[in-house]
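Coordinates from start.csv are shown below (CSV, C-alpha atoms and all ligand atoms).
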```csv
chain,number,residue,atom,x,y,z
A,58,MET,CA,0.0,0.0,0.0
A,59,ARG,CA,2.7,2.4,1.2
A,60,ALA,CA,4.9,1.6,-1.8
A,61,HIS,CA,2.0,2.3,-4.1
A,62,ARG,CA,1.3,5.7,-2.5
A,63,GLU,CA,5.0,6.6,-2.8
A,64,LYS,CA,5.0,5.7,-6.5
A,65,ASP,CA,1.9,7.8,-7.0
A,66,VAL,CA,3.5,10.8,-5.3
A,67,GLN,CA,6.6,10.4,-7.4
A,68,LYS,CA,4.5,10.1,-10.6
A,69,LYS,CA,2.6,13.3,-9.6
A,70,ILE,CA,5.8,15.1,-9.0
A,71,ARG,CA,7.1,14.0,-12.4
A,72,ILE,CA,3.9,15.0,-14.1
A,73,GLU,CA,3.9,18.4,-12.4
A,74,GLY,CA,7.6,19.0,-13.4
A,75,TYR,CA,6.8,18.0,-16.9
A,76,MET,CA,3.8,20.4,-17.1
A,77,GLU,CA,5.9,23.2,-15.6
A,78,ASN,CA,8.6,22.6,-18.3
A,79,ILE,CA,6.0,22.7,-21.1
A,80,GLU,CA,4.5,25.9,-19.7
A,81,LYS,CA,7.9,27.5,-19.6
A,82,THR,CA,8.8,26.4,-23.1
A,83,VAL,CA,5.5,27.8,-24.4
A,84,LYS,CA,6.0,31.1,-22.5
A,85,ASP,CA,9.6,31.4,-23.8
A,86,GLU,CA,8.3,30.9,-27.3
A,87,GLN,CA,5.4,33.4,-27.0
A,88,ARG,CA,7.1,36.3,-25.4
A,89,GLU,CA,4.9,39.0,-23.9
A,90,GLY,CA,3.6,41.4,-26.5
A,91,GLY,CA,2.9,38.9,-29.2
A,92,ASP,CA,3.9,35.8,-30.8
A,93,ARG,CA,7.1,35.9,-32.9
A,94,MET,CA,7.6,39.6,-32.9
A,95,TRP,CA,10.7,40.8,-34.7
A,96,GLY,CA,12.1,44.3,-35.5
A,97,MET,CA,15.0,46.5,-36.3
A,98,ILE,CA,15.6,50.2,-35.7
A,99,ALA,CA,18.6,52.3,-36.9
A,100,THR,CA,20.0,55.8,-36.8
A,101,TRP,CA,19.7,57.9,-40.0
A,102,ARG,CA,18.1,57.4,-43.3
A,103,MET,CA,21.3,55.9,-44.7
A,104,ALA,CA,20.5,52.7,-42.8
A,105,ALA,CA,17.3,52.0,-44.7
A,106,GLU,CA,18.6,49.7,-47.4
A,107,GLY,CA,20.5,47.6,-44.9
A,108,VAL,CA,17.5,47.5,-42.5
A,109,GLU,CA,15.4,46.2,-45.4
A,110,LYS,CA,17.9,43.4,-46.0
A,111,GLY,CA,18.0,42.6,-42.3
A,112,ALA,CA,14.2,42.6,-42.1
A,113,GLY,CA,14.0,40.0,-44.8
A,114,MET,CA,16.2,37.7,-42.7
A,115,LEU,CA,14.3,38.3,-39.5
A,116,LYS,CA,11.0,37.7,-41.2
A,117,ALA,CA,12.2,34.4,-42.4
A,118,GLY,CA,13.2,33.4,-38.8
A,119,GLY,CA,16.9,34.5,-39.1
A,120,ASP,CA,19.2,35.4,-36.3
A,121,ALA,CA,19.5,38.9,-34.8
A,122,GLY,CA,23.3,38.7,-35.0
A,123,ASP,CA,23.3,37.8,-38.7
A,124,ALA,CA,20.6,40.3,-39.6
A,125,ILE,CA,22.3,43.3,-37.9
A,126,GLU,CA,25.7,42.4,-39.3
A,127,THR,CA,24.3,42.1,-42.8
A,128,ALA,CA,22.4,45.4,-42.4
A,129,ILE,CA,25.5,47.3,-41.2
A,130,ARG,CA,27.7,45.9,-43.9
A,131,GLU,CA,25.4,47.2,-46.5
A,132,VAL,CA,25.9,50.7,-45.1
A,133,GLU,CA,29.7,50.2,-44.8
A,134,ASP,CA,29.9,49.1,-48.4
A,135,PHE,CA,28.0,52.0,-49.9
A,136,PRO,CA,30.7,54.5,-51.2
A,137,TYR,CA,28.5,57.6,-51.0
A,138,TYR,CA,28.0,57.7,-47.2
A,139,LYS,CA,30.7,59.9,-45.9
A,140,SER,CA,30.7,58.7,-42.3
A,141,VAL,CA,30.6,54.9,-42.4
A,142,GLY,CA,33.0,52.4,-43.9
A,143,TYR,CA,34.1,52.7,-47.6
A,144,GLY,CA,34.0,56.4,-48.5
A,145,GLY,CA,34.1,57.5,-44.9
A,146,LEU,CA,35.9,60.8,-44.4
A,147,PRO,CA,39.4,60.8,-43.1
A,148,ASN,CA,41.2,62.1,-40.0
A,149,GLU,CA,43.5,65.1,-40.1
A,150,GLU,CA,46.3,63.0,-41.5
A,151,MET,CA,44.0,61.9,-44.4
A,152,GLU,CA,43.6,58.3,-43.1
A,153,VAL,CA,40.3,56.6,-42.7
A,154,GLU,CA,40.2,55.2,-39.2
A,155,LEU,CA,37.0,53.3,-38.4
A,156,ASP,CA,35.2,52.4,-35.2
A,157,ALA,CA,32.6,49.6,-34.9
A,158,ALA,CA,31.0,47.4,-32.3
A,159,TYR,CA,28.7,44.4,-31.8
A,160,MET,CA,26.7,43.2,-28.8
A,161,ASP,CA,24.8,40.0,-28.2
A,162,GLY,CA,21.9,40.7,-25.8
A,163,ASP,CA,21.5,37.0,-24.8
A,164,THR,CA,25.1,36.4,-23.7
A,165,LEU,CA,26.1,40.1,-23.2
A,166,ASP,CA,29.1,39.3,-25.4
A,167,ILE,CA,30.7,42.5,-26.7
A,168,GLY,CA,33.3,43.0,-29.4
A,169,ALA,CA,34.7,46.3,-30.8
A,170,VAL,CA,37.4,47.8,-32.9
A,171,ALA,CA,38.6,51.3,-32.9
A,172,ALA,CA,40.8,53.3,-35.2
A,173,ILE,CA,41.1,50.3,-37.6
A,174,LYS,CA,42.4,51.0,-41.1
A,175,ASP,CA,42.2,49.2,-44.4
A,176,TYR,CA,39.5,46.6,-43.6
A,177,ALA,CA,36.2,46.5,-45.5
A,178,ASN,CA,33.8,45.6,-42.8
A,179,PRO,CA,34.8,46.7,-39.2
A,180,VAL,CA,31.4,45.5,-37.9
A,181,SER,CA,32.2,41.9,-38.9
A,182,VAL,CA,35.6,42.1,-37.1
A,183,ALA,CA,33.8,43.4,-34.0
A,184,ARG,CA,31.3,40.6,-34.1
A,185,ARG,CA,34.1,38.0,-34.5
A,186,LEU,CA,35.8,39.6,-31.4
A,187,SER,CA,32.6,39.4,-29.4
A,188,ARG,CA,33.1,35.6,-29.4
A,189,GLU,CA,36.4,35.9,-27.5
A,190,ASN,CA,36.5,35.8,-23.7
A,191,VAL,CA,39.4,38.3,-23.5
A,192,ASN,CA,40.9,40.8,-25.9
A,193,CYS,CA,37.4,41.7,-27.2
A,194,VAL,CA,38.1,45.3,-27.8
A,195,LEU,CA,41.1,46.0,-30.1
A,196,VAL,CA,42.5,49.3,-31.5
A,197,ALA,CA,44.5,50.3,-34.5
A,198,GLU,CA,47.3,47.9,-35.5
A,199,GLY,CA,46.2,45.3,-32.9
A,200,ALA,CA,42.7,45.3,-34.5
A,201,GLU,CA,44.3,45.1,-38.0
A,202,LYS,CA,46.6,42.2,-37.0
A,203,PHE,CA,43.6,40.3,-35.7
A,204,ALA,CA,41.5,41.0,-38.8
A,205,HIS,CA,44.4,39.8,-41.0
A,206,LYS,CA,44.8,36.6,-39.0
A,207,GLU,CA,41.1,35.9,-39.2
A,208,GLY,CA,41.1,36.4,-43.0
A,209,PHE,CA,38.9,39.5,-43.2
A,210,GLU,CA,38.8,41.4,-46.4
A,211,ARG,CA,41.5,44.1,-46.8
A,212,LYS,CA,40.5,47.3,-48.6
A,213,ASN,CA,41.8,50.8,-49.0
A,214,MET,CA,38.8,52.7,-47.5
A,215,LEU,CA,39.9,56.1,-48.7
A,216,THR,CA,38.0,57.0,-51.9
A,217,ASP,CA,38.9,59.8,-54.4
A,218,ARG,CA,35.7,61.5,-53.3
A,219,ALA,CA,36.7,61.5,-49.7
A,220,LYS,CA,40.1,62.9,-50.7
A,221,ALA,CA,38.3,65.7,-52.5
A,222,PHE,CA,36.3,66.5,-49.3
A,223,TYR,CA,39.5,66.5,-47.4
A,224,ARG,CA,41.2,68.9,-49.8
A,225,LYS,CA,38.3,71.2,-49.8
A,226,ARG,CA,38.2,71.2,-46.0
A,227,VAL,CA,41.9,71.9,-45.7
A,228,GLN,CA,41.4,75.1,-47.7
A,229,GLN,CA,38.7,76.2,-45.3
A,230,ASP,CA,39.4,77.6,-41.9
A,231,ARG,CA,41.1,74.7,-40.0
A,232,ALA,CA,40.3,76.4,-36.7
A,233,GLU,CA,36.7,75.6,-37.2
A,234,GLU,CA,35.4,73.3,-34.5
A,235,LEU,CA,34.8,69.7,-35.4
A,236,LYS,CA,31.2,68.7,-35.6
A,237,PRO,CA,29.4,65.5,-36.5
A,238,TYR,CA,27.8,65.6,-39.9
A,239,ALA,CA,24.1,66.5,-39.6
A,240,GLY,CA,22.1,64.0,-41.6
A,241,HIS,CA,24.7,61.2,-42.2
A,242,ASP,CA,26.6,60.1,-39.2
A,243,THR,CA,27.2,56.9,-37.3
A,244,VAL,CA,25.0,53.9,-38.2
A,245,GLY,CA,23.7,52.4,-35.0
A,246,MET,CA,21.2,49.6,-34.9
A,247,VAL,CA,19.1,47.5,-32.5
A,248,CYS,CA,17.6,44.2,-33.6
A,249,LEU,CA,15.1,41.7,-32.2
A,250,ASP,CA,14.6,38.3,-33.8
A,251,GLN,CA,11.7,35.9,-33.5
A,252,ALA,CA,13.5,33.8,-30.9
A,253,GLY,CA,13.6,36.9,-28.7
A,254,LYS,CA,17.3,37.5,-29.1
A,255,MET,CA,18.4,41.1,-29.3
A,256,THR,CA,21.6,42.6,-30.7
A,257,ALA,CA,23.1,46.1,-31.1
A,258,ALA,CA,25.8,47.2,-33.4
A,259,THR,CA,27.5,50.4,-34.7
A,260,SER,CA,29.9,51.5,-37.4
A,261,THR,CA,31.4,54.9,-38.1
A,262,SER,CA,34.4,56.8,-39.5
A,263,GLY,CA,33.8,59.2,-36.5
A,264,LEU,CA,34.4,62.9,-36.9
A,265,PHE,CA,35.9,64.3,-40.1
A,266,MET,CA,39.3,65.7,-39.4
A,267,LYS,CA,39.6,64.0,-36.0
A,268,LYS,CA,43.0,63.5,-34.5
A,269,LYS,CA,44.7,60.3,-35.4
A,270,GLY,CA,43.8,57.7,-32.8
A,271,ARG,CA,40.7,59.6,-31.7
A,272,VAL,CA,38.0,57.1,-30.5
A,273,GLY,CA,34.3,58.2,-30.3
A,274,ASP,CA,31.4,56.6,-28.4
A,275,SER,CA,30.5,54.1,-31.1
A,276,PRO,CA,32.8,51.3,-30.0
A,277,ILE,CA,32.3,52.0,-26.3
A,278,ALA,CA,29.8,49.7,-24.7
A,279,GLY,CA,27.1,51.6,-22.9
A,280,SER,CA,27.8,54.8,-24.7
A,281,GLY,CA,27.3,54.1,-28.4
A,282,PHE,CA,25.3,50.9,-28.0
A,283,TYR,CA,23.9,48.4,-25.5
A,284,ALA,CA,21.6,45.3,-25.7
A,285,ASP,CA,20.0,43.0,-23.2
A,286,SER,CA,17.5,40.5,-24.6
A,287,LYS,CA,15.7,40.5,-21.2
A,288,VAL,CA,15.0,44.3,-21.7
A,289,GLY,CA,15.9,45.9,-25.0
A,290,GLY,CA,18.6,47.7,-26.7
A,291,ALA,CA,19.7,51.3,-27.7
A,292,SER,CA,22.2,53.0,-29.9
A,293,ALA,CA,23.5,56.6,-30.2
A,294,THR,CA,24.8,59.0,-32.7
A,295,GLY,CA,26.1,62.6,-32.3
A,296,LEU,CA,29.1,64.1,-30.6
A,297,GLY,CA,30.9,61.0,-29.1
A,298,GLU,CA,32.7,63.0,-26.5
A,299,ASP,CA,29.4,64.2,-25.0
A,300,LEU,CA,27.4,60.9,-25.5
A,301,MET,CA,30.1,59.2,-23.4
A,302,LYS,CA,29.5,61.6,-20.5
A,303,GLY,CA,26.1,60.0,-19.9
A,304,CYS,CA,26.8,56.4,-20.9
A,305,ILE,CA,23.6,57.1,-22.8
A,306,SER,CA,22.8,53.8,-24.4
A,307,TYR,CA,23.1,51.9,-21.2
A,308,GLU,CA,21.0,54.6,-19.5
A,309,VAL,CA,18.2,54.0,-22.0
A,310,VAL,CA,18.2,50.3,-21.4
A,311,ARG,CA,18.3,50.9,-17.6
A,312,LEU,CA,15.3,53.1,-17.9
A,313,MET,CA,13.4,50.5,-20.0
A,314,LYS,CA,14.3,47.9,-17.3
A,315,GLU,CA,12.6,50.2,-14.8
A,316,GLY,CA,9.4,49.9,-16.9
A,317,LEU,CA,9.6,52.9,-19.2
A,318,HIS,CA,8.5,52.6,-22.8
A,319,PRO,CA,11.4,53.0,-25.2
A,320,GLN,CA,10.1,56.4,-26.3
A,321,GLU,CA,10.0,57.7,-22.7
A,322,ALA,CA,13.4,56.2,-22.0
A,323,CYS,CA,15.0,57.9,-25.0
A,324,GLU,CA,13.4,61.2,-24.3
A,325,LYS,CA,14.4,61.1,-20.6
A,326,ALA,CA,18.0,60.1,-21.3
A,327,VAL,CA,18.5,62.8,-24.0
A,328,GLU,CA,16.8,65.6,-22.0
A,329,ARG,CA,18.6,64.8,-18.8
A,330,LEU,CA,22.1,64.6,-20.4
A,331,ASP,CA,21.4,67.7,-22.5
A,332,ALA,CA,20.3,69.7,-19.4
A,333,GLU,CA,23.3,68.4,-17.3
A,334,LEU,CA,25.8,69.3,-20.0
A,335,LYS,CA,24.3,72.8,-20.5
A,336,ALA,CA,24.2,73.4,-16.7
A,337,ARG,CA,27.7,72.2,-16.0
A,338,ARG,CA,29.6,73.1,-19.2
A,339,GLY,CA,27.4,75.7,-20.8
A,340,ALA,CA,26.8,73.6,-24.0
A,341,ALA,CA,25.7,70.2,-25.1
A,342,GLY,CA,26.8,68.5,-28.3
A,343,ASP,CA,24.4,66.6,-30.7
A,344,LEU,CA,22.7,63.7,-28.9
A,345,SER,CA,20.4,61.3,-30.8
A,346,LEU,CA,19.2,57.9,-29.8
A,347,VAL,CA,17.2,54.9,-31.1
A,348,ALA,CA,15.9,52.1,-28.9
A,349,MET,CA,13.7,49.0,-29.1
A,350,ASP,CA,12.5,46.7,-26.3
A,351,ARG,CA,12.0,43.0,-26.2
A,352,GLU,CA,8.4,43.4,-27.3
A,353,GLY,CA,9.4,45.2,-30.5
A,354,ARG,CA,8.2,48.6,-29.2
A,355,TRP,CA,10.5,51.4,-30.3
A,356,GLY,CA,11.5,54.9,-29.5
A,357,ALA,CA,13.9,57.7,-30.5
A,358,ALA,CA,14.9,61.1,-29.3
A,359,THR,CA,17.2,63.9,-30.2
A,360,ASN,CA,18.4,67.4,-29.2
A,361,ILE,CA,18.9,68.5,-32.8
A,362,GLN,CA,16.7,69.2,-35.8
A,363,GLY,CA,17.0,66.9,-38.7
A,364,PHE,CA,17.6,63.5,-37.1
A,365,SER,CA,16.2,60.6,-39.2
A,366,LEU,CA,15.8,57.0,-38.4
A,367,ALA,CA,14.7,53.8,-40.1
A,368,VAL,CA,12.4,51.2,-38.4
A,369,VAL,CA,10.7,48.0,-39.3
A,370,THR,CA,8.9,45.5,-37.1
A,371,GLU,CA,6.6,42.5,-37.6
A,372,ALA,CA,3.7,45.0,-37.3
A,373,GLU,CA,5.1,48.0,-39.2
A,374,GLU,CA,6.6,48.1,-42.7
A,375,LEU,CA,10.0,49.7,-43.2
A,376,THR,CA,9.6,53.4,-42.6
A,377,VAL,CA,12.0,56.3,-42.5
A,378,TYR,CA,11.0,58.9,-40.0
A,379,LEU,CA,12.2,62.4,-39.3
A,380,ALA,CA,12.2,63.1,-35.6
A,381,LYS,CA,11.2,66.5,-34.3
A,382,ARG,CA,12.1,67.6,-30.9
A,383,GLN,CA,9.3,69.8,-29.4
A,384,GLU,CA,9.8,72.6,-26.9
A,385,ASP,CA,8.8,70.4,-24.0
A,386,GLY,CA,11.4,67.7,-24.9
A,387,HIS,CA,9.0,65.3,-26.4
A,388,CYS,CA,9.7,64.0,-29.9
A,389,THR,CA,7.2,63.7,-32.7
A,390,PHE,CA,7.8,61.7,-35.9
A,391,GLU,CA,6.9,62.5,-39.4
A,392,LYS,CA,7.2,59.9,-42.2
A,393,ALA,CA,9.9,61.1,-44.7
A,394,SER,CA,8.2,62.1,-48.0
A,395,LYS,CA,9.3,60.7,-51.4
A,396,GLU,CA,10.8,64.2,-52.2
A,397,TRP,CA,12.8,64.2,-49.0
A,398,MET,CA,14.1,60.7,-49.8
A,399,ASP,CA,15.0,61.6,-53.3
A,400,ASP,CA,16.7,64.8,-52.2
A,401,TYR,CA,18.7,62.9,-49.6
A,402,MET,CA,20.2,60.6,-52.2
A,403,ARG,CA,20.7,63.4,-54.7
A,404,THR,CA,22.7,65.5,-52.2
A,405,ARG,CA,24.7,62.4,-51.0
A,406,MET,CA,25.8,61.6,-54.6
A,407,ALA,CA,26.3,65.2,-55.9
A,408,PRO,CA,29.7,66.0,-57.2
A,409,VAL,CA,32.2,67.5,-54.7
A,410,GLU,CA,32.5,71.2,-55.7
A,501,LIG,N1,29.2,59.5,-32.5
A,501,LIG,C1,30.2,59.5,-33.5
A,501,LIG,C2,31.5,59.8,-33.0
A,501,LIG,O1,31.6,60.7,-32.2
A,501,LIG,C3,29.9,60.4,-34.7
A,501,LIG,C4,28.5,60.4,-35.1
A,501,LIG,O2,27.6,59.7,-34.6
A,501,LIG,O3,28.2,61.1,-36.1
A,501,LIG,O4,32.5,59.3,-33.4
```

Rewrite the coordinates I just gave you, this time as structure tokens.
Ligand code: ASP
Amino acid sequence: MRAHREKDVQKKIRIEGYMENIEKTVKDEQREGGDRMWGMIATWRMAAEGVEKGAGMLKAGGDAGDAIETAIREVEDFPYYKSVGYGGLPNEEMEVELDAAYMDGDTLDIGAVAAIKDYANPVSVARRLSRENVNCVLVAEGAEKFAHKEGFERKNMLTDRAKAFYRKRVQQDRAEELKPYAGHDTVGMVCLDQAGKMTAATSTSGLFMKKKGRVGDSPIAGSGFYADSKVGGASATGLGEDLMKGCISYEVVRLMKEGLHPQEACEKAVERLDAELKARRGAAGDLSLVAMDREGRWGAATNIQGFSLAVVTEAEELTVYLAKRQEDGHCTFEKASKEWMDDYMRTRMAPVE
């Protein structure tokens, strides 16, 4: 009798354990906010073609790491974007030094390269580095040596067009303060795949005419990017030296973790840092942010006029928005018109005068 009862109890425990496991698996698969949500958000209109490619992969059930890398490589390869990859504008010694990063929000793996020269796709080198346990962030010759050893494509990233911009700039007043380019700066992305994995990545040539060896926020975890699949991810663009002062991408993820919608989190982070910098230093550089949470909800905020972004989710077709900061610090979004999009490409590809 007693033996029977014990067997029953054990069976009950086994069944309960089994049911719990099934429930957990089902919950894991149907994350809050909808079944199989996926999405991608990126800084600047220039990201749109890459985001479109990445979205195709996500829609087909692809991995957030593969999708974000593919999307950023597309921007790196396009010769007419002056601030990312091939065709990026050089430093004051007329060398194209690139910064890039990759973060896996499941494992929190981070990889980054800074001031790397002569490699076609810095984001891929960064992703490869993210799989290492140590030496995940490499600069200059160290990064190039690693890329060479791993067989990444070498390429002279300085185009004739970039040289022409350089020469033109040298003729201008060199004392002029360095500024990020309004309208075509760092590409920073956040991605969510159907399995709930999130990634963040960046790629940039940084500021035109920067000092040799200057590193911006883009390869710095927490400043230029951050992703945590349990919460969401964020990426920044603007004046790296100021974005770093607020570890702004981490701050957005932290605010989302406290329960804020990505839009509120972005606005709060930008407004606070902007106010702090103005109060303590008398001025704030350009600060712009994009973010997405694990449910595929997104947000963006900026302290400049003219910040554009590209976003796509399972529920929203690929759209380029122009963000407008209102007096009260809130941002409104306007879909970019066909004229705006055409004009953008026309100016990007116009001959250098
Ligand atoms: N944040 C980049 C940097 O400071 C530049 C940019 O986003 O335009 O290197």

- request: Skip region 387-403 of chain A itself and residues of its chain fewer than 5 positions away, then list as a PyMOL selection string all residues within 9 Å of it, counting only C-alpha atoms.
  value: chain A and resi 102-103+137+240+320-321+324-325+328+357-359+365+376-382

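Pocket residues of ligand LIG 501 (chain A), taken as those with any atom at most 6 Å away using only C-alpha atoms and all ligand atoms, are Pro237, Tyr238, Asp242, Thr243, Gly263, Leu264, Gly273, Asp274, Ser275, Thr294, Gly295, Leu296 and Gly297 of chain A.
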
With the cut-off set at 8 Å and counting only C-alpha atoms, tabulate each residue of region 149-199 of chain A with an atom at most that distance from an atom of region 212-224 of chain A, showing the nearest atom pair and its distance in Å to one decimal, ordered by chain and increasing number, as a tab-separated table.
```
residue	atom	partner	partner_atom	distance
A:Met151	CA	A:Tyr223	CA	7.1
A:Glu152	CA	A:Leu215	CA	7.1
A:Val153	CA	A:Leu215	CA	6.0
A:Lys174	CA	A:Met214	CA	7.5
A:Asp175	CA	A:Asn213	CA	4.9
A:Tyr176	CA	A:Lys212	CA	5.1
A:Ala177	CA	A:Lys212	CA	5.4
```

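With distances taken over all atoms listed in the file, A:Phe364 is the one residue among A:Phe265, A:Phe364, A:Tyr138, A:Tyr307 lying closest to Asp343 (chain A).
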
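Excluding region 333-341 of chain A and any residue on its chain fewer than 3 positions from it, the residues at most 9 Å away by all atoms listed in the file are Leu296, Asp299, Lys302, Glu328, Arg329, Leu330, Leu344 and Asn360 of chain A.
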
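Taking CA of Leu375 (chain A) as the reference point, CA of Leu249 (chain A) is found at 14.5 Å.
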
- request: Can you work out which one of A:Met246, A:Asn192, A:Asp134, A:Val227 has the shortest atom-to-atom distance to Glu210 (chain A), counting all atoms listed in the file?
  value: A:Asp134

message: Using all atoms listed in the file for the distances, tell me which of A:Glu126, A:Glu149, A:Asp120, A:Glu352 is nearest to Gly270 (chain A).
response: A:Glu149

- request: Identify, on the basis of all atoms listed in the file, every residue whose closest approach to Arg188 (chain A) does not exceed 8 Å; exclude the query and any residue fewer than 3 positions from it along the same chain; express the result as a ChimeraX atom specification.
  value: /A:166-168,184-185,193

With C-alpha atoms retained, write the just-selected residues as a tab-separated table (two decimals), in the frame of the given file.
```
chain	number	residue	atom	x	y	z
A	166	ASP	CA	29.10	39.30	-25.40
A	167	ILE	CA	30.70	42.50	-26.70
A	168	GLY	CA	33.30	43.00	-29.40
A	184	ARG	CA	31.30	40.60	-34.10
A	185	ARG	CA	34.10	38.00	-34.50
A	193	CYS	CA	37.40	41.70	-27.20
```

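A straight line drawn from CA of Trp101 (chain A) to CA of Gln228 (chain A) is 28.7 Å long.
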